[in-house]
Every structure is written in C-alpha cells, then in structure tokens.
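Everything below concerns the one structure shown next.
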Amino acid sequence: MRSHESSEISVPGGDDHKAMLTFIDGANEAVLALRRTYSKGSRGVVHSHRKTQLWFARSGVVLVSTAKGRWMIPPGHGLIIPAGLQHSSEMISRVEMNSVYVHPDVIATDRPRVVEVTVLAGQLIEELIDDDIRPANARRRELVMELLMDEIGRLPEQPLGLPFPTHVGMAGRCRDFLETPAANASIDDWAQALGMSRRTFTRLFRAQTGVSFVTWRQQACIFASLPRLASGEAITNVALDAGYENVSAFTTMFRRMLGSSPSAYLKSSGTRPMRGFVE
C-alpha cells in the first residue's frame, strides 16, 4: 500500500483536479489514502471514481451533491461514495480531509451514506497516510488495512442525506429552502407556487423524494443548520432563524434526528457551542 499527501488546494478543479483523478483511478494499491486541505468556498467539479471512496472530514463542513440528493459531512464524519457515482462538492468552511479509496469488491454500497468516523477508524486512516513519512513493514500495513476495512463496515450511519426531487420547480424551491429554512413552511404555499393542488403536490413530492414534505422539511431545517453550528454561531440564533418558535423545539427535532442535543453533538464532533447557551 502506498499513500499520498498533497499540499493545500484553494480550488479543487482544472488540470490539477484531472491529474488527481487520473492518479486515483490508475493506482493499483488495494487501499489508497490521501490527505488534502481545501479553502472555504472551494468547489469540486462533477466527477466519479472507479473505487469506493470514504471522504472523512477531520475538520470543517463539506456539502456533496448528486443528481438525486445532497449529503452533509460535518467534522468527525465521513461520506461513503459508491464507485462510479457522479458527484460534486462545496466546502462550507476550511476543510481538512482524509480520503480512502478502496476497490468496490472490498467495500460496496448502492448509495451514498454519511457515517460517524470512530476514533479507531480515524487513527487507522492517519496511520496509512503517514506511511510515506514513517515507512512500516509490509505485514503491519496489511494488518492496518484489514482492521480499517472491518471498522468501516461497522461505522454508524447518520441521517445527513437529503433527497432532492428531479422536478425542476420542486428542486428549485428545495435549493432555496436550504438557503432560508423555515420550520413552518406550508404545503399549501409550495403547492400554490408550483401551480398544483395540495393532493397532487404531496403525491408528487413523495414520489420524487421517497419521503413526505413534512419529513423532508424537518430534515432540511436540521441539515441547513449544521454549517452554521459548526462555524460557532449561537444555537439560539440558528434555531430562531430556521423558524422554530423556541430553542426547545429545535433541540427536540435535532435530538430526534441525530440522537443528541446540538451542544452534545457539537462537542462530540469537536465544535464548541457559543458561550451563554443553555438547553
């Protein structure tokens, strides 16, 4: 196994990006581990890999988009991307990223999945990346790779994917919603704006996304809040801006989706909430 480390990249596009894709797809290693740093606002062009990718955000927040949805990668989490899936990326903040590329026969998935990266998985990835700096014997590398593959299969999935409709009008409103989320957004208002009856809208929305509008709205509000929370904004401000009547309502929905309160979630991911916040 051979790992590779690159320097900071301000814009992951153009010829440099093409060269990196060629390097990744052409590598013969069973497991290829890379370290890269991206500046805030950097965007990755639409592309795919021949290998399954685990994109691990050690710090910062990444938004990955496909034709069918968006996935948020907050600090301490990773996105498992199927081989051959066309996707693009946007760095919501400065991002320190580790990527692991594995032959799809070893790790196969039929859809993108956001997972919480355990301490063990993070250490094993770091061990592979540092292999060039501190060369290890072949048996040690083999053991690290085997343990990492086993650990990746055990990583807990998090509901940080957001399905997007293919219907042009609906997709446009969904994109706008992520910019200005509203917990009280009305089905009737969306249906009217799209020139549909309430019944037609609800049926089409579920058919296009696989979930009800109300469920999507709840997920989208939490989804849209994560970059602001990770950047250190006060949880109270984020909750009220998202249309929640109070912080308690926001916290309840956050806990229902992610299994912990906003402050506990931020602490576990290495981000501290603003001082003065009380849940």
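Identifiers for the structure tokens are assigned positionally: chains receive A, B, ... in sequence, residues are indexed from 1 per chain, and ligands are indexed from 1 in the order shown.
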Cut-off 10 Å: closest stretch 157-177 of chain A/stretch 74-80 of chain A atom pairs per residue, using only C-alpha atoms, as JSON lines:
```
{"residue": "A:Glu157", "atom": "CA", "partner": "A:Leu79", "partner_atom": "CA", "distance": 9.4}
{"residue": "A:Gln158", "atom": "CA", "partner": "A:His77", "partner_atom": "CA", "distance": 8.8}
{"residue": "A:Leu160", "atom": "CA", "partner": "A:Pro74", "partner_atom": "CA", "distance": 9.1}
{"residue": "A:Gly161", "atom": "CA", "partner": "A:Leu79", "partner_atom": "CA", "distance": 9.7}
```
Write the residues of the preceding selection, restricted to C-alpha atoms, as a short mmCIF file (atom, residue, chain, number, x, y, z; two decimals), in the first residue's frame.
```
data_model
loop_
_atom_site.label_atom_id
_atom_site.label_comp_id
_atom_site.auth_asym_id
_atom_site.auth_seq_id
_atom_site.Cartn_x
_atom_site.Cartn_y
_atom_site.Cartn_z
CA GLU A 157 -24.79 5.75 9.72
CA GLN A 158 -26.16 9.26 10.33
CA LEU A 160 -27.42 13.61 6.98
CA GLY A 161 -28.55 12.88 3.45
#
```
>> Ranking A:Thr202, A:Ser261, A:Thr22, A:Ser48 by minimum distance to A:Ser186 and counting only C-alpha atoms, which one comes first?
In response: A:Thr202
>> Need to verify the contact set: A:His167, 12 Å, only C-alpha atoms, exclusion of same-chain residues closer than 4 positions in sequence. Can you return it as an NGL selection string?
In response: :A and (67-68 or 171-174 or 194 or 201 or 204-209)
If you count only C-alpha atoms, which residues fall within 10 Å of A:Gly41, apart from same-chain ones fewer than 4 positions away, as a compact mmCIF listing (two decimals) with N, CA and C atoms, in the first residue's frame?
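Result file follows (part.txt):
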```txt
# COMPACT_ATOMS: atom_id res chain seq x y z
N SER A 10 -6.55 25.50 -3.08
CA SER A 10 -7.57 26.53 -2.90
C SER A 10 -8.79 26.26 -3.75
N VAL A 11 -8.62 25.75 -4.95
CA VAL A 11 -9.75 25.43 -5.82
C VAL A 11 -9.52 24.06 -6.43
N VAL A 62 -18.44 19.83 4.64
CA VAL A 62 -18.48 19.64 3.19
C VAL A 62 -19.90 19.29 2.76
N SER A 89 -18.76 18.77 -5.07
CA SER A 89 -18.61 19.14 -3.66
C SER A 89 -18.46 20.64 -3.49
N GLU A 90 -18.81 21.10 -2.30
CA GLU A 90 -18.63 22.50 -1.94
C GLU A 90 -18.14 22.56 -0.50
N MET A 91 -17.08 23.34 -0.26
CA MET A 91 -16.52 23.46 1.08
C MET A 91 -17.23 24.62 1.80
N ILE A 92 -18.03 24.29 2.81
CA ILE A 92 -18.76 25.31 3.56
C ILE A 92 -17.80 26.09 4.46
N SER A 93 -16.70 25.48 4.82
CA SER A 93 -15.67 26.13 5.63
C SER A 93 -14.33 25.55 5.19
N ARG A 94 -13.24 26.01 5.79
CA ARG A 94 -11.95 25.39 5.50
C ARG A 94 -12.03 23.92 5.94
N VAL A 95 -11.57 23.03 5.10
CA VAL A 95 -11.75 21.60 5.36
C VAL A 95 -10.41 20.86 5.34
```
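Here atom CA of A:Asp241 stands at a distance of 21.5 Å from atom CA of A:Asp188.
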> So which bits of stretch 39-273 of chain A end up strand (DSSP E) when you DSSP the backbone, as a ChimeraX atom specification?
Replying inline: /A:43-47,52-59,62-65,69-73,77-81,87-91,95-102,113-116,157-158,161-163
>> Applying 9 Å and only C-alpha atoms, which residues near A:His47 remain after dropping the ones on its own chain fewer than 4 positions away? List them as a VMD selection string.
In response: chain A and resid 21 84 to 88
Using only all heavy atoms, please write the residues we just selected to a file, as a PDB file, in the first residue's frame.
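Heads up, here's the output in out-v4.pdb:
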```pdb
ATOM      1  N   LEU A  21      -7.523  12.867 -10.267  1.00  0.00           N
ATOM      2  CA  LEU A  21      -8.469  11.805 -10.591  1.00  0.00           C
ATOM      3  C   LEU A  21      -7.784  10.679 -11.364  1.00  0.00           C
ATOM      4  O   LEU A  21      -8.032   9.492 -11.122  1.00  0.00           O
ATOM      5  CB  LEU A  21      -9.635  12.360 -11.410  1.00  0.00           C
ATOM      6  CG  LEU A  21     -10.601  13.294 -10.678  1.00  0.00           C
ATOM      7  CD1 LEU A  21     -11.660  13.817 -11.645  1.00  0.00           C
ATOM      8  CD2 LEU A  21     -11.259  12.590  -9.506  1.00  0.00           C
ATOM      9  N   GLY A  84     -18.271   4.994  -9.280  1.00  0.00           N
ATOM     10  CA  GLY A  84     -18.996   5.346 -10.486  1.00  0.00           C
ATOM     11  C   GLY A  84     -20.067   6.397 -10.313  1.00  0.00           C
ATOM     12  O   GLY A  84     -20.662   6.840 -11.310  1.00  0.00           O
ATOM     13  N   LEU A  85     -20.333   6.849  -9.081  1.00  0.00           N
ATOM     14  CA  LEU A  85     -21.385   7.840  -8.866  1.00  0.00           C
ATOM     15  C   LEU A  85     -20.883   9.248  -9.184  1.00  0.00           C
ATOM     16  O   LEU A  85     -19.890   9.713  -8.605  1.00  0.00           O
ATOM     17  CB  LEU A  85     -21.879   7.792  -7.422  1.00  0.00           C
ATOM     18  CG  LEU A  85     -22.980   8.804  -7.075  1.00  0.00           C
ATOM     19  CD1 LEU A  85     -24.277   8.465  -7.811  1.00  0.00           C
ATOM     20  CD2 LEU A  85     -23.218   8.849  -5.565  1.00  0.00           C
ATOM     21  N   GLN A  86     -21.554   9.941 -10.072  1.00  0.00           N
ATOM     22  CA  GLN A  86     -21.216  11.324 -10.401  1.00  0.00           C
ATOM     23  C   GLN A  86     -21.591  12.228  -9.220  1.00  0.00           C
ATOM     24  O   GLN A  86     -22.735  12.209  -8.754  1.00  0.00           O
ATOM     25  CB  GLN A  86     -21.957  11.768 -11.655  1.00  0.00           C
ATOM     26  CG  GLN A  86     -21.537  11.052 -12.934  1.00  0.00           C
ATOM     27  CD  GLN A  86     -20.187  11.532 -13.437  1.00  0.00           C
ATOM     28  OE1 GLN A  86     -19.830  12.707 -13.296  1.00  0.00           O
ATOM     29  NE2 GLN A  86     -19.431  10.626 -14.030  1.00  0.00           N
ATOM     30  N   HIS A  87     -20.631  13.025  -8.755  1.00  0.00           N
ATOM     31  CA  HIS A  87     -20.897  13.909  -7.624  1.00  0.00           C
ATOM     32  C   HIS A  87     -20.004  15.140  -7.696  1.00  0.00           C
ATOM     33  O   HIS A  87     -18.984  15.151  -8.377  1.00  0.00           O
ATOM     34  CB  HIS A  87     -20.656  13.169  -6.296  1.00  0.00           C
ATOM     35  CG  HIS A  87     -19.237  12.698  -6.122  1.00  0.00           C
ATOM     36  ND1 HIS A  87     -18.753  11.542  -6.722  1.00  0.00           N
ATOM     37  CD2 HIS A  87     -18.188  13.226  -5.424  1.00  0.00           C
ATOM     38  CE1 HIS A  87     -17.485  11.374  -6.388  1.00  0.00           C
ATOM     39  NE2 HIS A  87     -17.110  12.391  -5.606  1.00  0.00           N
ATOM     40  N   SER A  88     -20.432  16.178  -6.990  1.00  0.00           N
ATOM     41  CA  SER A  88     -19.634  17.397  -6.873  1.00  0.00           C
ATOM     42  C   SER A  88     -19.590  17.781  -5.398  1.00  0.00           C
ATOM     43  O   SER A  88     -20.281  17.186  -4.571  1.00  0.00           O
ATOM     44  CB  SER A  88     -20.253  18.539  -7.697  1.00  0.00           C
ATOM     45  OG  SER A  88     -21.567  18.824  -7.242  1.00  0.00           O
TER      46      SER A  88
END
```
Sort by chain and increasing residue number a table of all residues of stretch 2-103 of chain A within 8 Å of stretch 121-126 of chain A, each with its closest pair of atoms and their distance in Å to one decimal, counting only C-alpha atoms, and write it as a Markdown table.
```
| residue | atom | partner | partner_atom | distance |
| --- | --- | --- | --- | --- |
| A:Ala33 | CA | A:Ile125 | CA | 7.0 |
| A:Asn98 | CA | A:Ile125 | CA | 7.6 |
| A:Val100 | CA | A:Ile125 | CA | 7.5 |
```
> Can you tell me how far atom CA of A:Pro262 sits from atom CA of A:Asn184, in Å to one decimal?
Replying inline: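 The value is 20.1 Å.
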>> One decimal, in Å: what's the spacing between atom CA of A:Ser231 and atom CA of A:Met20?
In response: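 Computing the Euclidean distance for atom CA of A:Ser231 and atom CA of A:Met20 yields 28.9 Å.
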> Which one is closest to A:Leu63: A:Trp190, A:Gln219, A:Glu245, A:Leu226? Count only C-alpha atoms.
Replying inline: A:Leu226
Among stretch 2-249 of chain A, which residues does DSSP mark as alpha helix (DSSP H) when it is run on the backbone? Keep the chain and numbering as in the structure and answer as a compact mmCIF listing (two decimals) with N, CA and C atoms, in the first residue's frame.
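The file below, selection-v3.txt, is the result:
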```
# COMPACT_ATOMS: atom_id res chain seq x y z
N GLY A 14 -9.96 22.14 -12.50
CA GLY A 14 -8.99 22.36 -13.55
C GLY A 14 -8.07 21.17 -13.76
N ASP A 15 -6.91 21.45 -14.35
CA ASP A 15 -5.97 20.39 -14.70
C ASP A 15 -5.46 19.63 -13.48
N ASP A 16 -5.24 20.34 -12.35
CA ASP A 16 -4.75 19.66 -11.15
C ASP A 16 -5.75 18.61 -10.68
N HIS A 17 -7.02 18.95 -10.75
CA HIS A 17 -8.05 18.02 -10.31
C HIS A 17 -8.10 16.82 -11.25
N LYS A 18 -7.99 17.06 -12.54
CA LYS A 18 -7.99 15.96 -13.51
C LYS A 18 -6.80 15.04 -13.28
N ALA A 19 -5.66 15.64 -12.99
CA ALA A 19 -4.46 14.83 -12.74
C ALA A 19 -4.64 13.97 -11.50
N MET A 20 -5.28 14.54 -10.45
CA MET A 20 -5.50 13.78 -9.23
C MET A 20 -6.46 12.62 -9.48
N LEU A 21 -7.52 12.87 -10.27
CA LEU A 21 -8.47 11.81 -10.59
C LEU A 21 -7.78 10.68 -11.36
N THR A 22 -6.92 11.06 -12.30
CA THR A 22 -6.18 10.06 -13.07
C THR A 22 -5.28 9.23 -12.16
N PHE A 23 -4.63 9.90 -11.22
CA PHE A 23 -3.76 9.21 -10.27
C PHE A 23 -4.55 8.23 -9.41
N ILE A 24 -5.71 8.67 -8.91
CA ILE A 24 -6.52 7.82 -8.03
C ILE A 24 -7.04 6.60 -8.78
N ASP A 25 -7.60 6.84 -9.97
CA ASP A 25 -8.18 5.73 -10.72
C ASP A 25 -7.12 4.77 -11.26
N GLY A 26 -5.92 5.29 -11.46
CA GLY A 26 -4.86 4.45 -12.02
C GLY A 26 -4.04 3.71 -10.99
N VAL A 119 -12.96 6.89 16.55
CA VAL A 119 -11.57 7.24 16.86
C VAL A 119 -10.62 6.22 16.24
N LEU A 120 -10.97 4.94 16.35
CA LEU A 120 -10.13 3.89 15.79
C LEU A 120 -9.99 4.04 14.28
N ALA A 121 -11.09 4.25 13.57
CA ALA A 121 -11.04 4.41 12.12
C ALA A 121 -10.17 5.61 11.75
N GLY A 122 -10.34 6.71 12.47
CA GLY A 122 -9.54 7.91 12.18
C GLY A 122 -8.06 7.66 12.37
N GLN A 123 -7.70 6.93 13.42
CA GLN A 123 -6.30 6.63 13.69
C GLN A 123 -5.72 5.70 12.63
N LEU A 124 -6.51 4.73 12.19
CA LEU A 124 -6.04 3.80 11.17
C LEU A 124 -5.82 4.52 9.84
N ILE A 125 -6.72 5.44 9.49
CA ILE A 125 -6.56 6.22 8.26
C ILE A 125 -5.29 7.06 8.34
N GLU A 126 -5.10 7.69 9.49
CA GLU A 126 -3.90 8.52 9.68
C GLU A 126 -2.63 7.67 9.57
N GLU A 127 -2.70 6.45 10.08
CA GLU A 127 -1.55 5.55 10.01
C GLU A 127 -1.18 5.24 8.57
N LEU A 128 -2.18 5.03 7.72
CA LEU A 128 -1.91 4.74 6.31
C LEU A 128 -1.35 5.96 5.60
N ILE A 129 -1.89 7.13 5.91
CA ILE A 129 -1.40 8.36 5.26
C ILE A 129 0.03 8.65 5.66
N ALA A 138 5.66 -4.48 5.56
CA ALA A 138 4.51 -4.88 4.76
C ALA A 138 3.42 -5.54 5.61
N ARG A 139 3.83 -6.34 6.58
CA ARG A 139 2.85 -7.03 7.41
C ARG A 139 2.04 -6.05 8.25
N ARG A 140 2.71 -5.03 8.77
CA ARG A 140 1.99 -4.02 9.57
C ARG A 140 0.97 -3.28 8.71
N ARG A 141 1.38 -2.89 7.50
CA ARG A 141 0.45 -2.19 6.60
C ARG A 141 -0.76 -3.06 6.30
N GLU A 142 -0.50 -4.35 6.09
CA GLU A 142 -1.58 -5.28 5.77
C GLU A 142 -2.56 -5.37 6.94
N LEU A 143 -2.04 -5.44 8.15
CA LEU A 143 -2.90 -5.53 9.33
C LEU A 143 -3.72 -4.26 9.51
N VAL A 144 -3.08 -3.09 9.30
CA VAL A 144 -3.80 -1.82 9.43
C VAL A 144 -4.94 -1.75 8.41
N MET A 145 -4.66 -2.14 7.17
CA MET A 145 -5.69 -2.10 6.13
C MET A 145 -6.84 -3.05 6.45
N GLU A 146 -6.51 -4.26 6.90
CA GLU A 146 -7.56 -5.22 7.22
C GLU A 146 -8.45 -4.72 8.35
N LEU A 147 -7.83 -4.16 9.38
CA LEU A 147 -8.61 -3.66 10.50
C LEU A 147 -9.46 -2.46 10.08
N LEU A 148 -8.91 -1.59 9.24
CA LEU A 148 -9.66 -0.43 8.76
C LEU A 148 -10.88 -0.87 7.95
N MET A 149 -10.71 -1.85 7.06
CA MET A 149 -11.83 -2.32 6.27
C MET A 149 -12.94 -2.89 7.16
N ASP A 150 -12.54 -3.61 8.20
CA ASP A 150 -13.52 -4.15 9.13
C ASP A 150 -14.22 -3.02 9.89
N GLU A 151 -13.46 -2.01 10.30
CA GLU A 151 -14.02 -0.90 11.08
C GLU A 151 -14.96 -0.06 10.23
N ILE A 152 -14.63 0.17 8.97
CA ILE A 152 -15.50 0.95 8.08
C ILE A 152 -16.88 0.27 7.97
N VAL A 168 -38.11 20.10 -11.88
CA VAL A 168 -37.34 21.35 -11.89
C VAL A 168 -37.86 22.36 -10.89
N GLY A 169 -39.17 22.58 -10.88
CA GLY A 169 -39.74 23.56 -9.96
C GLY A 169 -39.55 23.18 -8.51
N MET A 170 -39.80 21.92 -8.20
CA MET A 170 -39.61 21.46 -6.82
C MET A 170 -38.15 21.55 -6.39
N ALA A 171 -37.25 21.15 -7.28
CA ALA A 171 -35.82 21.19 -6.96
C ALA A 171 -35.39 22.63 -6.67
N GLY A 172 -35.89 23.57 -7.44
CA GLY A 172 -35.54 24.97 -7.22
C GLY A 172 -36.00 25.47 -5.86
N ARG A 173 -37.23 25.10 -5.49
CA ARG A 173 -37.72 25.52 -4.17
C ARG A 173 -36.94 24.83 -3.05
N CYS A 174 -36.54 23.58 -3.27
CA CYS A 174 -35.75 22.87 -2.26
C CYS A 174 -34.39 23.55 -2.06
N ARG A 175 -33.77 23.96 -3.16
CA ARG A 175 -32.48 24.66 -3.05
C ARG A 175 -32.65 25.98 -2.30
N ASP A 176 -33.71 26.71 -2.63
CA ASP A 176 -33.97 27.98 -1.94
C ASP A 176 -34.23 27.75 -0.45
N PHE A 177 -34.92 26.65 -0.14
CA PHE A 177 -35.24 26.35 1.25
C PHE A 177 -33.98 26.15 2.08
N LEU A 178 -32.97 25.51 1.52
CA LEU A 178 -31.73 25.30 2.24
C LEU A 178 -31.02 26.61 2.54
N GLU A 179 -31.23 27.61 1.68
CA GLU A 179 -30.63 28.93 1.92
C GLU A 179 -31.37 29.67 3.03
N ILE A 187 -47.36 23.38 3.13
CA ILE A 187 -47.61 22.56 1.94
C ILE A 187 -48.45 23.35 0.93
N ASP A 188 -49.46 24.03 1.43
CA ASP A 188 -50.35 24.78 0.54
C ASP A 188 -49.59 25.88 -0.20
N ASP A 189 -48.67 26.56 0.49
CA ASP A 189 -47.89 27.62 -0.16
C ASP A 189 -47.01 27.05 -1.27
N TRP A 190 -46.35 25.93 -1.01
CA TRP A 190 -45.50 25.30 -2.03
C TRP A 190 -46.34 24.82 -3.21
N ALA A 191 -47.47 24.20 -2.91
CA ALA A 191 -48.34 23.70 -3.98
C ALA A 191 -48.84 24.84 -4.86
N GLN A 192 -49.25 25.92 -4.21
CA GLN A 192 -49.75 27.07 -4.96
C GLN A 192 -48.65 27.68 -5.82
N ALA A 193 -47.45 27.81 -5.27
CA ALA A 193 -46.33 28.40 -6.01
C ALA A 193 -45.98 27.57 -7.24
N ARG A 198 -53.02 20.65 -3.61
CA ARG A 198 -52.33 20.10 -2.45
C ARG A 198 -52.11 18.59 -2.63
N ARG A 199 -53.14 17.90 -3.10
CA ARG A 199 -53.06 16.46 -3.26
C ARG A 199 -52.01 16.07 -4.30
N THR A 200 -52.01 16.78 -5.43
CA THR A 200 -51.02 16.48 -6.48
C THR A 200 -49.60 16.74 -5.97
N PHE A 201 -49.44 17.85 -5.26
CA PHE A 201 -48.11 18.20 -4.74
C PHE A 201 -47.59 17.14 -3.78
N THR A 202 -48.41 16.76 -2.80
CA THR A 202 -47.94 15.80 -1.79
C THR A 202 -47.60 14.45 -2.41
N ARG A 203 -48.43 14.03 -3.38
CA ARG A 203 -48.16 12.75 -4.04
C ARG A 203 -46.86 12.82 -4.85
N LEU A 204 -46.70 13.90 -5.62
CA LEU A 204 -45.51 14.03 -6.46
C LEU A 204 -44.26 14.20 -5.62
N PHE A 205 -44.35 14.96 -4.54
CA PHE A 205 -43.17 15.19 -3.70
C PHE A 205 -42.69 13.87 -3.11
N ARG A 206 -43.62 13.06 -2.61
CA ARG A 206 -43.23 11.76 -2.05
C ARG A 206 -42.66 10.84 -3.12
N ALA A 207 -43.28 10.86 -4.30
CA ALA A 207 -42.79 10.01 -5.39
C ALA A 207 -41.39 10.42 -5.82
N GLN A 208 -41.09 11.72 -5.77
CA GLN A 208 -39.79 12.24 -6.22
C GLN A 208 -38.70 12.07 -5.18
N THR A 209 -39.05 12.14 -3.89
CA THR A 209 -38.03 12.13 -2.84
C THR A 209 -38.05 10.88 -1.96
N PHE A 213 -43.45 15.65 2.51
CA PHE A 213 -42.94 17.01 2.56
C PHE A 213 -42.59 17.42 3.99
N VAL A 214 -43.44 17.04 4.95
CA VAL A 214 -43.19 17.41 6.34
C VAL A 214 -41.89 16.80 6.84
N THR A 215 -41.67 15.52 6.52
CA THR A 215 -40.41 14.86 6.93
C THR A 215 -39.22 15.54 6.27
N TRP A 216 -39.33 15.83 4.96
CA TRP A 216 -38.24 16.50 4.25
C TRP A 216 -37.96 17.86 4.87
N ARG A 217 -39.01 18.61 5.18
CA ARG A 217 -38.85 19.95 5.77
C ARG A 217 -38.11 19.87 7.10
N GLN A 218 -38.46 18.90 7.93
CA GLN A 218 -37.78 18.74 9.22
C GLN A 218 -36.31 18.40 9.03
N GLN A 219 -36.04 17.46 8.13
CA GLN A 219 -34.66 17.08 7.85
C GLN A 219 -33.87 18.25 7.28
N ALA A 220 -34.48 18.99 6.37
CA ALA A 220 -33.79 20.09 5.71
C ALA A 220 -33.43 21.20 6.69
N CYS A 221 -34.31 21.46 7.66
CA CYS A 221 -34.02 22.51 8.64
C CYS A 221 -32.79 22.15 9.46
N ILE A 222 -32.69 20.90 9.90
CA ILE A 222 -31.52 20.47 10.67
C ILE A 222 -30.29 20.43 9.76
N PHE A 223 -30.47 19.91 8.56
CA PHE A 223 -29.40 19.84 7.57
C PHE A 223 -28.79 21.21 7.33
N ALA A 224 -29.66 22.22 7.13
CA ALA A 224 -29.18 23.58 6.84
C ALA A 224 -28.54 24.24 8.05
N SER A 225 -28.87 23.76 9.25
CA SER A 225 -28.32 24.40 10.45
C SER A 225 -26.89 23.97 10.75
N LEU A 226 -26.49 22.80 10.26
CA LEU A 226 -25.19 22.24 10.65
C LEU A 226 -23.99 23.12 10.29
N PRO A 227 -23.92 23.67 9.06
CA PRO A 227 -22.76 24.52 8.77
C PRO A 227 -22.66 25.72 9.70
N ARG A 228 -23.80 26.32 10.04
CA ARG A 228 -23.76 27.48 10.93
C ARG A 228 -23.35 27.08 12.35
N LEU A 229 -23.86 25.95 12.81
CA LEU A 229 -23.48 25.47 14.13
C LEU A 229 -22.00 25.12 14.18
N ALA A 230 -21.51 24.47 13.12
CA ALA A 230 -20.10 24.07 13.08
C ALA A 230 -19.17 25.27 13.02
N ILE A 235 -26.51 28.71 19.00
CA ILE A 235 -27.58 27.79 18.66
C ILE A 235 -28.94 28.48 18.72
N THR A 236 -29.10 29.41 19.64
CA THR A 236 -30.36 30.15 19.73
C THR A 236 -30.65 30.88 18.43
N ASN A 237 -29.66 31.57 17.89
CA ASN A 237 -29.86 32.33 16.65
C ASN A 237 -30.19 31.40 15.48
N VAL A 238 -29.49 30.28 15.40
CA VAL A 238 -29.72 29.32 14.31
C VAL A 238 -31.14 28.77 14.39
N ALA A 239 -31.57 28.43 15.59
CA ALA A 239 -32.91 27.86 15.78
C ALA A 239 -33.99 28.86 15.39
N LEU A 240 -33.87 30.08 15.85
CA LEU A 240 -34.90 31.09 15.55
C LEU A 240 -34.89 31.47 14.08
N ASP A 241 -33.72 31.55 13.47
CA ASP A 241 -33.64 31.87 12.04
C ASP A 241 -34.27 30.78 11.18
N VAL A 247 -35.90 27.53 21.26
CA VAL A 247 -34.75 26.63 21.16
C VAL A 247 -35.13 25.20 21.53
N SER A 248 -36.09 25.07 22.48
CA SER A 248 -36.50 23.74 22.90
C SER A 248 -37.05 22.91 21.76
N ALA A 249 -37.86 23.53 20.89
CA ALA A 249 -38.44 22.83 19.74
C ALA A 249 -37.34 22.39 18.78
```
